[in-house]
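The next block is start.txt, given as compact mmCIF, C-alpha atoms and all ligand atoms.
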# COMPACT_ATOMS: atom_id res chain seq x y z
CA MET H 1 186.39 87.13 368.71
CA ASN H 2 185.09 84.00 366.96
CA THR H 3 187.10 84.36 363.77
CA GLN H 4 185.82 81.22 362.08
CA ARG H 5 182.17 82.14 362.66
CA LEU H 6 182.74 85.56 361.08
CA ILE H 7 184.45 84.01 358.07
CA ASP H 8 181.70 81.40 357.70
CA THR H 9 178.92 83.99 357.86
CA ALA H 10 180.64 86.29 355.36
CA ARG H 11 181.08 83.37 352.96
CA GLU H 12 177.51 82.20 353.48
CA LEU H 13 176.22 85.64 352.54
CA VAL H 14 177.87 85.46 349.12
CA ALA H 15 177.41 81.72 348.44
CA ASP H 16 175.25 80.04 345.77
CA ASP H 17 175.05 83.09 343.54
CA LYS H 18 172.68 84.75 345.99
CA GLY H 19 172.73 88.33 347.24
CA LEU H 20 171.36 90.61 349.92
CA LEU H 21 168.06 92.38 350.21
CA ALA H 22 168.48 95.79 351.84
CA MET H 23 165.19 96.49 353.64
CA ASP H 24 166.77 98.76 356.22
CA GLU H 25 165.18 102.05 355.28
CA SER H 26 164.95 104.26 358.34
CA ASN H 27 161.43 105.44 359.21
CA PRO H 28 161.83 108.81 357.42
CA THR H 29 163.10 107.10 354.25
CA CYS H 30 160.44 104.39 354.35
CA ASN H 31 157.75 107.02 354.91
CA GLU H 32 159.07 109.01 351.97
CA ARG H 33 158.79 105.93 349.73
CA PHE H 34 155.27 105.24 351.04
CA ALA H 35 154.21 108.84 350.43
CA GLN H 36 154.95 108.45 346.70
CA PHE H 37 152.09 105.95 346.48
CA GLY H 38 149.72 107.39 349.07
CA ILE H 39 150.46 104.64 351.61
CA SER H 40 149.83 105.61 355.22
CA GLN H 41 153.04 106.43 357.08
CA THR H 42 152.49 104.48 360.29
CA GLU H 43 154.37 101.86 362.25
CA GLU H 44 151.65 99.33 361.37
CA ALA H 45 151.94 100.07 357.62
CA ARG H 46 155.71 99.60 357.81
CA ARG H 47 155.18 96.31 359.69
CA ALA H 48 152.63 95.09 357.11
CA TYR H 49 155.07 95.96 354.32
CA ARG H 50 158.00 94.16 355.92
CA GLN H 51 155.75 91.20 356.76
CA TRP H 52 154.83 90.47 353.17
CA ILE H 53 158.44 90.98 352.11
CA VAL H 54 159.83 88.41 354.57
CA THR H 55 157.06 85.92 353.70
CA THR H 56 157.49 86.20 349.93
CA PRO H 57 157.42 82.64 348.55
CA GLY H 58 160.79 81.52 347.14
CA LEU H 59 162.68 84.63 348.31
CA ALA H 60 165.42 82.48 349.82
CA ASP H 61 166.16 81.02 346.36
CA SER H 62 167.88 84.31 345.49
CA ILE H 63 168.45 86.09 348.81
CA SER H 64 171.07 84.97 351.35
CA GLY H 65 170.65 87.80 353.85
CA ALA H 66 168.27 90.64 354.64
CA ILE H 67 169.31 93.93 356.23
CA LEU H 68 166.68 95.17 358.70
CA TYR H 69 166.16 98.47 360.48
CA ASP H 70 165.96 98.75 364.29
CA GLU H 71 162.16 99.03 364.28
CA THR H 72 161.83 96.04 361.91
CA LEU H 73 164.09 93.79 363.96
CA ARG H 74 161.73 94.39 366.90
CA GLN H 75 158.58 93.62 364.89
CA HIS H 76 156.65 90.37 364.44
CA LYS H 77 154.44 88.63 361.94
CA ASP H 78 150.69 88.50 362.67
CA ASP H 79 151.22 85.12 364.37
CA GLY H 80 153.82 86.58 366.75
CA THR H 81 156.95 85.21 365.01
CA PRO H 82 159.74 87.82 365.10
CA PHE H 83 160.79 88.83 361.59
CA ALA H 84 164.38 87.70 362.33
CA LYS H 85 163.14 84.18 363.11
CA ALA H 86 160.81 84.14 360.09
CA LEU H 87 163.83 84.91 357.89
CA LEU H 88 166.05 82.32 359.58
CA ASP H 89 163.31 79.70 359.22
CA VAL H 90 163.45 80.01 355.43
CA GLY H 91 167.25 80.17 355.29
CA ILE H 92 167.81 83.93 355.07
CA ILE H 93 170.36 85.42 357.49
CA PRO H 94 169.05 88.50 359.34
CA GLY H 95 171.26 91.58 359.53
CA ILE H 96 170.83 95.08 360.95
CA LYS H 97 171.66 98.63 359.88
CA VAL H 98 173.44 100.19 362.85
CA ASP H 99 174.44 103.67 361.72
CA LEU H 100 172.29 106.57 362.88
CA GLY H 101 172.36 108.39 359.57
CA ALA H 102 174.48 110.82 357.58
CA LYS H 103 174.58 114.30 359.11
CA ASP H 104 176.13 117.57 357.89
CA LEU H 105 179.89 117.57 358.33
CA ALA H 106 180.78 120.68 360.32
CA THR H 107 182.67 123.36 358.36
CA HIS H 108 182.25 121.37 355.11
CA ALA H 109 179.19 122.62 353.22
CA GLY H 110 177.63 119.90 351.07
CA GLU H 111 179.42 117.03 352.80
CA LYS H 112 178.19 114.40 355.26
CA ILE H 113 179.52 112.34 358.15
CA THR H 114 177.73 109.24 359.37
CA GLU H 115 176.98 109.11 363.09
CA GLY H 116 176.29 106.24 365.49
CA LEU H 117 179.54 105.12 367.15
CA ASP H 118 178.55 106.26 370.66
CA GLY H 119 176.93 103.33 372.47
CA LEU H 120 177.41 101.05 369.46
CA ARG H 121 179.04 98.24 371.49
CA GLY H 122 175.87 97.93 373.61
CA ARG H 123 173.52 98.10 370.63
CA LEU H 124 175.50 95.39 368.79
CA ALA H 125 175.23 93.06 371.80
CA GLU H 126 171.46 93.59 371.87
CA TYR H 127 171.09 93.07 368.11
CA GLY H 128 173.16 89.86 368.34
CA ASP H 129 170.83 88.59 371.09
CA MET H 130 167.88 89.36 368.80
CA GLY H 131 169.30 87.16 366.04
CA ALA H 132 171.29 89.52 363.81
CA ARG H 133 174.44 87.90 362.40
CA PHE H 134 175.70 90.82 360.38
CA ALA H 135 175.47 94.61 360.37
CA LYS H 136 175.65 97.52 357.98
CA TRP H 137 176.92 101.12 358.15
CA ARG H 138 176.60 103.56 355.25
CA ALA H 139 178.92 106.49 354.61
CA VAL H 140 177.82 109.05 352.03
CA ILE H 141 180.31 110.78 349.75
CA ALA H 142 178.96 113.52 347.49
CA ILE H 143 180.72 114.76 344.36
CA GLY H 144 180.61 118.50 343.72
CA GLU H 145 182.64 121.63 343.08
CA GLY H 146 185.66 121.26 345.38
CA PHE H 147 184.53 118.09 347.14
CA PRO H 148 184.81 115.44 348.45
CA SER H 149 187.43 116.91 350.74
CA ARG H 150 190.23 114.88 352.22
CA SER H 151 188.76 115.47 355.68
CA CYS H 152 185.37 114.07 354.65
CA LEU H 153 186.95 110.94 353.13
CA GLU H 154 189.16 110.37 356.18
CA ALA H 155 186.44 111.00 358.76
CA ASN H 156 183.98 108.64 357.06
CA ALA H 157 186.61 105.95 356.49
CA HIS H 158 187.64 106.17 360.14
CA ALA H 159 184.02 105.82 361.33
CA LEU H 160 183.46 102.83 359.01
CA ALA H 161 186.56 101.12 360.37
CA ARG H 162 185.64 101.79 364.03
CA TYR H 163 182.18 100.36 363.35
CA ALA H 164 183.63 97.30 361.56
CA ALA H 165 186.01 96.52 364.43
CA LEU H 166 183.19 96.77 366.99
CA CYS H 167 181.03 94.45 364.86
CA GLN H 168 183.71 91.79 364.66
CA GLU H 169 184.32 92.03 368.40
CA ALA H 170 180.57 91.37 368.87
CA GLY H 171 180.58 88.44 366.42
CA LEU H 172 178.67 90.27 363.67
CA VAL H 173 180.00 90.47 360.11
CA PRO H 174 180.35 94.15 359.16
CA ILE H 175 179.12 95.26 355.78
CA VAL H 176 181.16 98.34 354.99
CA GLU H 177 179.22 100.71 352.74
CA PRO H 178 181.00 103.78 351.40
CA GLU H 179 178.55 105.20 348.87
CA VAL H 180 179.74 107.71 346.31
CA LEU H 181 176.47 109.36 345.24
CA MET H 182 175.35 109.45 341.60
CA THR H 183 173.95 112.98 341.96
CA GLY H 184 175.67 115.47 339.63
CA ASP H 185 176.74 115.96 336.03
CA HIS H 186 180.26 114.60 336.46
CA PRO H 187 181.67 112.12 333.94
CA LEU H 188 182.48 108.47 334.61
CA GLU H 189 186.17 109.27 335.12
CA ARG H 190 185.40 111.60 338.04
CA CYS H 191 183.31 108.92 339.74
CA LEU H 192 186.22 106.51 339.19
CA LYS H 193 188.69 108.90 340.79
CA VAL H 194 186.48 109.64 343.80
CA THR H 195 185.53 105.98 344.32
CA GLU H 196 189.22 105.04 344.18
CA GLU H 197 190.13 107.67 346.77
CA THR H 198 187.23 106.58 348.94
CA LEU H 199 188.13 102.88 348.87
CA ARG H 200 191.81 103.60 349.42
CA ASN H 201 190.98 105.56 352.58
CA VAL H 202 188.54 102.91 353.76
CA PHE H 203 191.05 100.05 353.51
CA ILE H 204 193.81 102.08 355.15
CA GLN H 205 191.50 102.67 358.12
CA LEU H 206 190.22 99.08 358.19
CA ASN H 207 193.80 97.87 358.43
CA CYS H 208 194.60 100.48 361.04
CA GLN H 209 191.67 99.30 363.22
CA ARG H 210 192.74 95.65 362.68
CA VAL H 211 189.58 94.57 360.95
CA MET H 212 189.79 91.00 359.67
CA LEU H 213 189.17 91.35 355.94
CA GLU H 214 188.06 87.72 355.54
CA GLY H 215 185.19 88.39 357.94
CA MET H 216 183.62 91.45 356.27
CA LEU H 217 181.87 92.43 353.05
CA LEU H 218 182.21 95.62 351.01
CA LYS H 219 179.08 97.38 349.74
CA PRO H 220 180.23 100.01 347.24
CA ASN H 221 178.59 101.99 344.47
CA MET H 222 179.11 100.94 340.89
CA VAL H 223 181.35 103.40 339.03
CA VAL H 224 178.90 105.34 336.86
CA PRO H 225 178.62 108.80 335.29
CA GLY H 226 176.63 111.39 337.27
CA LEU H 227 172.86 111.16 336.80
CA THR H 228 172.72 114.34 334.73
CA CYS H 229 175.98 113.79 332.83
CA LEU H 230 175.28 114.11 329.11
CA GLU H 231 177.59 111.23 328.28
CA GLN H 232 176.03 108.11 329.73
CA LYS H 233 177.92 104.83 329.27
CA THR H 234 177.10 101.29 328.18
CA ALA H 235 176.79 98.51 330.74
CA ASP H 236 180.10 97.10 329.46
CA ASP H 237 181.87 100.44 330.08
CA VAL H 238 180.45 100.60 333.60
CA ALA H 239 181.44 96.98 334.21
CA ASP H 240 185.02 97.48 333.01
CA THR H 241 185.54 100.71 334.96
CA THR H 242 183.99 99.36 338.15
CA VAL H 243 186.07 96.18 338.10
CA LYS H 244 189.24 98.17 337.33
CA CYS H 245 188.52 100.36 340.34
CA LEU H 246 187.91 97.37 342.62
CA LEU H 247 190.99 95.48 341.44
CA ARG H 248 193.14 98.48 342.27
CA ASN H 249 191.69 99.04 345.73
CA VAL H 250 189.99 96.01 347.28
CA PRO H 251 192.26 93.37 348.84
CA ALA H 252 191.76 89.80 347.68
CA ALA H 253 191.08 88.66 351.25
CA VAL H 254 187.64 90.29 351.18
CA PRO H 255 185.17 87.50 350.27
CA GLY H 256 182.56 89.58 348.53
CA VAL H 257 181.60 92.88 346.98
CA ALA H 258 177.83 93.49 347.21
CA PHE H 259 176.82 96.57 345.25
CA LEU H 260 174.22 99.11 346.30
CA SER H 261 171.90 100.26 343.51
CA GLY H 262 171.98 103.95 344.47
CA GLY H 263 168.86 104.98 342.56
CA GLN H 264 169.45 103.03 339.33
CA SER H 265 166.35 101.30 337.99
CA GLY H 266 166.06 97.62 338.83
CA GLU H 267 166.74 96.64 335.24
CA LEU H 268 169.78 98.86 334.80
CA ALA H 269 171.32 97.65 338.07
CA SER H 270 170.83 94.03 336.97
CA GLU H 271 172.23 94.71 333.49
CA ARG H 272 175.36 96.30 334.89
CA LEU H 273 175.92 93.57 337.49
CA ASN H 274 175.35 91.02 334.75
CA ALA H 275 177.90 92.70 332.48
CA MET H 276 180.52 92.50 335.24
CA ASN H 277 179.91 88.81 335.72
CA VAL H 278 179.75 88.05 331.98
CA ARG H 279 183.12 89.72 331.50
CA PHE H 280 185.00 88.83 334.69
CA ARG H 281 183.35 85.95 336.58
CA GLY H 282 185.89 83.31 337.60
CA ARG H 283 188.79 85.74 337.20
CA LEU H 284 188.28 87.88 340.30
CA PRO H 285 189.32 87.29 343.91
CA TRP H 286 185.94 88.25 345.36
CA ALA H 287 182.32 87.42 344.50
CA LEU H 288 180.47 90.26 342.75
CA THR H 289 176.94 90.35 344.10
CA PHE H 290 174.13 92.69 345.08
CA SER H 291 172.75 94.35 348.19
CA PHE H 292 169.96 96.36 346.58
CA ALA H 293 167.08 98.16 348.24
CA ARG H 294 165.25 100.26 345.66
CA ALA H 295 166.35 98.14 342.68
CA ILE H 296 164.57 95.14 344.21
CA GLN H 297 161.73 96.73 346.19
CA GLN H 298 160.52 99.66 344.10
CA PRO H 299 158.41 97.82 341.46
CA ALA H 300 156.81 95.70 344.20
CA LEU H 301 156.07 98.72 346.39
CA GLU H 302 154.38 100.41 343.45
CA ILE H 303 152.13 97.38 342.95
CA TRP H 304 151.33 96.97 346.67
CA ARG H 305 150.25 100.58 347.36
CA GLY H 306 149.26 99.57 350.88
CA GLN H 307 146.45 97.25 349.68
CA GLU H 308 146.16 93.72 351.07
CA ALA H 309 144.56 92.60 347.79
CA ASN H 310 147.80 93.43 345.94
CA VAL H 311 150.17 91.48 348.20
CA SER H 312 150.44 88.39 346.05
CA LEU H 313 151.29 90.35 342.87
CA ALA H 314 153.73 92.53 344.79
CA GLN H 315 155.48 89.45 346.19
CA HIS H 316 155.75 88.10 342.67
CA ALA H 317 157.42 91.33 341.50
CA LEU H 318 159.82 91.32 344.46
CA SER H 319 160.79 87.71 343.91
CA TYR H 320 161.20 88.36 340.19
CA ARG H 321 163.71 91.20 340.68
CA ALA H 322 165.59 89.15 343.25
CA LYS H 323 165.81 86.30 340.75
CA CYS H 324 166.99 88.67 337.99
CA ASN H 325 169.89 89.64 340.23
CA ARG H 326 170.77 86.04 341.01
CA MET H 327 170.94 85.47 337.26
CA ALA H 328 173.06 88.61 336.90
CA ARG H 329 175.49 87.16 339.43
CA ARG H 330 175.90 84.22 337.09
CA GLY H 331 176.19 86.45 334.05
CA GLU H 332 172.92 84.92 332.82
CA TYR H 333 170.52 87.85 333.10
CA PRO H 334 168.81 87.59 329.74
CA ALA H 335 167.27 90.53 327.97
CA ALA H 336 164.34 88.10 327.53
CA MET H 337 163.48 88.46 331.24
CA GLN H 338 162.80 92.14 330.81
CA GLY H 339 159.14 93.04 330.62
CA ASN H 340 158.29 89.44 331.53
CA SER H 341 157.09 90.25 335.01
CA THR H 342 154.19 91.96 336.70
CA GLU H 343 156.32 94.92 337.65
CA SER H 344 155.21 98.23 336.24
CA ALA H 345 157.99 100.58 337.27
CA SER H 346 159.14 102.73 334.41
CA ARG H 347 162.57 102.18 332.97
CA SER H 348 164.98 105.05 333.47
CA ASP H 349 167.67 103.55 331.27
CA SER H 350 167.95 103.55 327.51
CA SER H 351 168.46 100.71 325.06
CA SER H 352 172.09 101.78 324.74
CA ASN H 353 172.57 100.43 328.25
CA LEU H 354 171.47 96.93 327.33
CA VAL H 355 174.19 94.34 327.53
CA THR H 356 174.48 91.48 325.07
CA ILE H 357 174.47 88.14 326.84
CA LYS H 358 176.98 85.76 325.36
C1 LIG Z 401 172.39 103.36 349.51
O1 LIG Z 401 171.38 102.82 350.30
C2 LIG Z 401 171.47 101.44 350.59
C3 LIG Z 401 171.23 100.61 349.37
O2 LIG Z 401 169.98 100.95 348.85
P1 LIG Z 401 169.81 101.20 347.29
O3 LIG Z 401 170.07 99.86 346.63
O4 LIG Z 401 168.38 101.65 347.14
O5 LIG Z 401 170.78 102.26 346.89
C4 LIG Z 401 170.41 101.09 351.62
O6 LIG Z 401 170.74 99.90 352.30
C5 LIG Z 401 170.22 102.20 352.60
O7 LIG Z 401 171.30 102.23 353.47
C6 LIG Z 401 168.90 101.98 353.30
O8 LIG Z 401 167.86 102.11 352.36
C7 LIG Z 401 168.70 102.93 354.47
O9 LIG Z 401 168.72 104.24 354.02
P2 LIG Z 401 168.31 105.40 355.06
O10 LIG Z 401 168.33 106.64 354.20
O11 LIG Z 401 166.94 105.08 355.51
O12 LIG Z 401 169.30 105.42 356.14
The structure given in the file should be rewritten as structure tokens.
Ligand code: 5MM
Amino acid sequence: MNTQRLIDTARELVADDKGLLAMDESNPTCNERFAQFGISQTEEARRAYRQWIVTTPGLADSISGAILYDETLRQHKDDGTPFAKALLDVGIIPGIKVDLGAKDLATHAGEKITEGLDGLRGRLAEYGDMGARFAKWRAVIAIGEGFPSRSCLEANAHALARYAALCQEAGLVPIVEPEVLMTGDHPLERCLKVTEETLRNVFIQLNCQRVMLEGMLLKPNMVVPGLTCLEQKTADDVADTTVKCLLRNVPAAVPGVAFLSGGQSGELASERLNAMNVRFRGRLPWALTFSFARAIQQPALEIWRGQEANVSLAQHALSYRAKCNRMARRGEYPAAMQGNSTESASRSDSSSNLVTIK
């Protein structure tokens, strides 16, 4: 295992106030997003979409790494350049989602277990040969009446740790993504409790599998109230609760925490990340950054709608949201940036969620 290379890559991914672009939607998920806007659900449409994303001018100013899906890592630009090389050429590190999806957990209605460990060693070697320098595996934890169960938390944590160990053996930095879903009407405190239990299990298993913490990144959810909870919270409340949760459960040796957006609007995700960095930047052991998919891509996808004529505007919207998140990493995401782009996605947050920039 090349320890120094893993440490260097993990640090590079969180350096210069940049973050990650998750563009690793599996074909069913990507097709679902395309269907919303009447975009054809074909391999060529997915290639065209990923092509304009990886060639967005200035993307590397805000994005350090891009997470690809198996099909995307095998695809090329029109001129024959593999997407992984196109990213590397502009200074973005290519990564790969390696889990095979969250499936029903037997005997546990409503709960999921992520699959993909069988044959993973071989797939990692192939992905490394194709240029990937890091990987990602997502575990899904739902909150509901009587769950998550202890068995669900332990099984998912164990799978994440087995995956992470195999990645490091193969020279790829593992991004460990335990996602506590926002679905439900639970209050903030319940999300805090479940996220704490989740992270505690994950780090127990990571230690058990001898994963080198300096050579990995954590991709957690922010601690937020359930989507249909009547008591929504300010960005400052979310920031304080999320950081409290991380301080209690994430070892200082981990170089970075890169949040998923989980269905928050782009603006709300940026506001909350910004609030964390306004309040805690410089006082935490790890970098607080982003690894968003929908919160960066959605406004751009809505503009593109599968039309070549819209590519330039869509690239502008993508680059804009990426830049907003780089500013949020610095705690400099100004309310003034809002509405100042070509994006047209509707806001799902309310003004009570706006954070005051000091
Ligand atoms: C939680 O999903 C990850 C982060 O995306 P958001 O910022 O939109 O929450 C994301 O990387 C996810 O793992 C990919 O979109 C792949 O999802 P599927 O469902 O296709 O496996």
Each residue of chain H with at least one atom at most 9 Å from ligand LIG 401 (chain Z) should appear once, together with its nearest atom pair and the corresponding distance in Å (one decimal); atoms considered: all atoms listed in the file; ordering: chain, then increasing residue number; output as CSV.
residue,atom,partner,partner_atom,distance
H:Leu21,CA,Z:LIG401,O6,8.3
H:Ala22,CA,Z:LIG401,O6,4.7
H:Met23,CA,Z:LIG401,O8,6.4
H:Asp24,CA,Z:LIG401,C6,4.8
H:Glu25,CA,Z:LIG401,O11,3.5
H:Ser26,CA,Z:LIG401,O11,3.6
H:Asn27,CA,Z:LIG401,O11,6.6
H:Pro28,CA,Z:LIG401,O11,6.6
H:Thr29,CA,Z:LIG401,O11,4.5
H:Cys30,CA,Z:LIG401,O11,6.6
H:Ile67,CA,Z:LIG401,O6,7.3
H:Leu68,CA,Z:LIG401,O6,8.9
H:Tyr69,CA,Z:LIG401,C7,7.9
H:Lys97,CA,Z:LIG401,O7,7.4
H:Asp99,CA,Z:LIG401,O12,7.8
H:Leu100,CA,Z:LIG401,O12,7.5
H:Gly101,CA,Z:LIG401,O12,5.5
H:Ala102,CA,Z:LIG401,O12,7.6
H:Lys136,CA,Z:LIG401,O7,7.8
H:Trp137,CA,Z:LIG401,O7,7.4
H:Arg138,CA,Z:LIG401,O7,5.7
H:Ala139,CA,Z:LIG401,O7,8.8
H:Val140,CA,Z:LIG401,C1,8.3
H:Glu177,CA,Z:LIG401,C1,8.0
H:Pro178,CA,Z:LIG401,C1,8.8
H:Glu179,CA,Z:LIG401,C1,6.5
H:Leu181,CA,Z:LIG401,C1,8.4
H:Lys219,CA,Z:LIG401,C3,8.5
H:Pro220,CA,Z:LIG401,C1,8.8
H:Asn221,CA,Z:LIG401,C1,8.1
H:Phe259,CA,Z:LIG401,O3,7.6
H:Leu260,CA,Z:LIG401,O3,4.2
H:Ser261,CA,Z:LIG401,O3,3.6
H:Gly262,CA,Z:LIG401,O5,3.2
H:Gly263,CA,Z:LIG401,O5,5.5
H:Gln264,CA,Z:LIG401,O5,7.7
H:Ala269,CA,Z:LIG401,O3,8.9
H:Phe290,CA,Z:LIG401,O3,8.4
H:Ser291,CA,Z:LIG401,O3,6.3
H:Phe292,CA,Z:LIG401,O3,3.5
H:Ala293,CA,Z:LIG401,O3,3.8
H:Arg294,CA,Z:LIG401,O4,3.7
H:Ala295,CA,Z:LIG401,O3,5.7
H:Ile296,CA,Z:LIG401,O3,7.6
H:Gln297,CA,Z:LIG401,O4,8.3
H:Gln298,CA,Z:LIG401,O4,8.7
If you keep C-alpha atoms, can you produce a file of those selected residues as a compact mmCIF listing (two decimals), keeping the file's coordinate frame?
# COMPACT_ATOMS: atom_id res chain seq x y z
CA LEU H 21 168.06 92.38 350.21
CA ALA H 22 168.48 95.79 351.84
CA MET H 23 165.19 96.49 353.64
CA ASP H 24 166.77 98.76 356.22
CA GLU H 25 165.18 102.05 355.28
CA SER H 26 164.95 104.26 358.34
CA ASN H 27 161.43 105.44 359.21
CA PRO H 28 161.83 108.81 357.42
CA THR H 29 163.10 107.10 354.25
CA CYS H 30 160.44 104.39 354.35
CA ILE H 67 169.31 93.93 356.23
CA LEU H 68 166.68 95.17 358.70
CA TYR H 69 166.16 98.47 360.48
CA LYS H 97 171.66 98.63 359.88
CA ASP H 99 174.44 103.67 361.72
CA LEU H 100 172.29 106.57 362.88
CA GLY H 101 172.36 108.39 359.57
CA ALA H 102 174.48 110.82 357.58
CA LYS H 136 175.65 97.52 357.98
CA TRP H 137 176.92 101.12 358.15
CA ARG H 138 176.60 103.56 355.25
CA ALA H 139 178.92 106.49 354.61
CA VAL H 140 177.82 109.05 352.03
CA GLU H 177 179.22 100.71 352.74
CA PRO H 178 181.00 103.78 351.40
CA GLU H 179 178.55 105.20 348.87
CA LEU H 181 176.47 109.36 345.24
CA LYS H 219 179.08 97.38 349.74
CA PRO H 220 180.23 100.01 347.24
CA ASN H 221 178.59 101.99 344.47
CA PHE H 259 176.82 96.57 345.25
CA LEU H 260 174.22 99.11 346.30
CA SER H 261 171.90 100.26 343.51
CA GLY H 262 171.98 103.95 344.47
CA GLY H 263 168.86 104.98 342.56
CA GLN H 264 169.45 103.03 339.33
CA ALA H 269 171.32 97.65 338.07
CA PHE H 290 174.13 92.69 345.08
CA SER H 291 172.75 94.35 348.19
CA PHE H 292 169.96 96.36 346.58
CA ALA H 293 167.08 98.16 348.24
CA ARG H 294 165.25 100.26 345.66
CA ALA H 295 166.35 98.14 342.68
CA ILE H 296 164.57 95.14 344.21
CA GLN H 297 161.73 96.73 346.19
CA GLN H 298 160.52 99.66 344.10
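Atom pair atom CA of H:Val14 / atom CA of H:Val176 has a distance of 14.5 Å (rounded to one decimal).
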Legend entry - Distance query stretch 39-51 of chain H at most 8 Å, all atoms listed in the file, self and fewer than 2 positions along chain excluded, as number ranges by chain: H: 23, 30-31, 34-37, 53-55, 72, 75-77, 83, 305-306
Inset, instruction - Name the closest residue to H:Ala157 among the candidates H:Arg200, H:His186, H:Lys233, H:Arg281; distances are taken between atoms, counting all atoms listed in the file. - result: H:Arg200
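Between atom CA of H:Asn2 and atom CA of H:Arg123 there is a distance of 18.6 Å.
Atom CA of H:Trp52 sits 10.5 Å away from atom CA of H:Asn310.
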Inset, instruction - Name the closest residue to H:Met182 among the candidates H:Ala161, H:Ala155, H:Met1, H:Gly144; distances are taken between atoms, counting only C-alpha atoms. - result: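 Using only C-alpha atoms, H:Met182 sits closest to H:Gly144.
Across H:Ala15, H:Leu88, H:Leu301, H:Val194, the tightest approach to H:Thr289 is made by H:Ala15 when counting all atoms listed in the file.
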Inset, instruction - Have a look at H:Gly38, H:Gly116, H:Gly128, H:Pro174 and name the one nearest to H:Val211; count all atoms listed in the file. - result: H:Pro174
Legend entry - Counting only C-alpha atoms, the residue of H:Leu105, H:Val257, H:Leu120, H:Met130 that sits nearest H:Leu20: H:Val257
Inset, instruction - Can you work out which one of H:Leu227, H:Val98, H:Ala165, H:Ala322 has the shortest atom-to-atom distance to H:Ile143, counting only C-alpha atoms? - result: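 Using only C-alpha atoms, the shortest distance to H:Ile143 belongs to H:Leu227.
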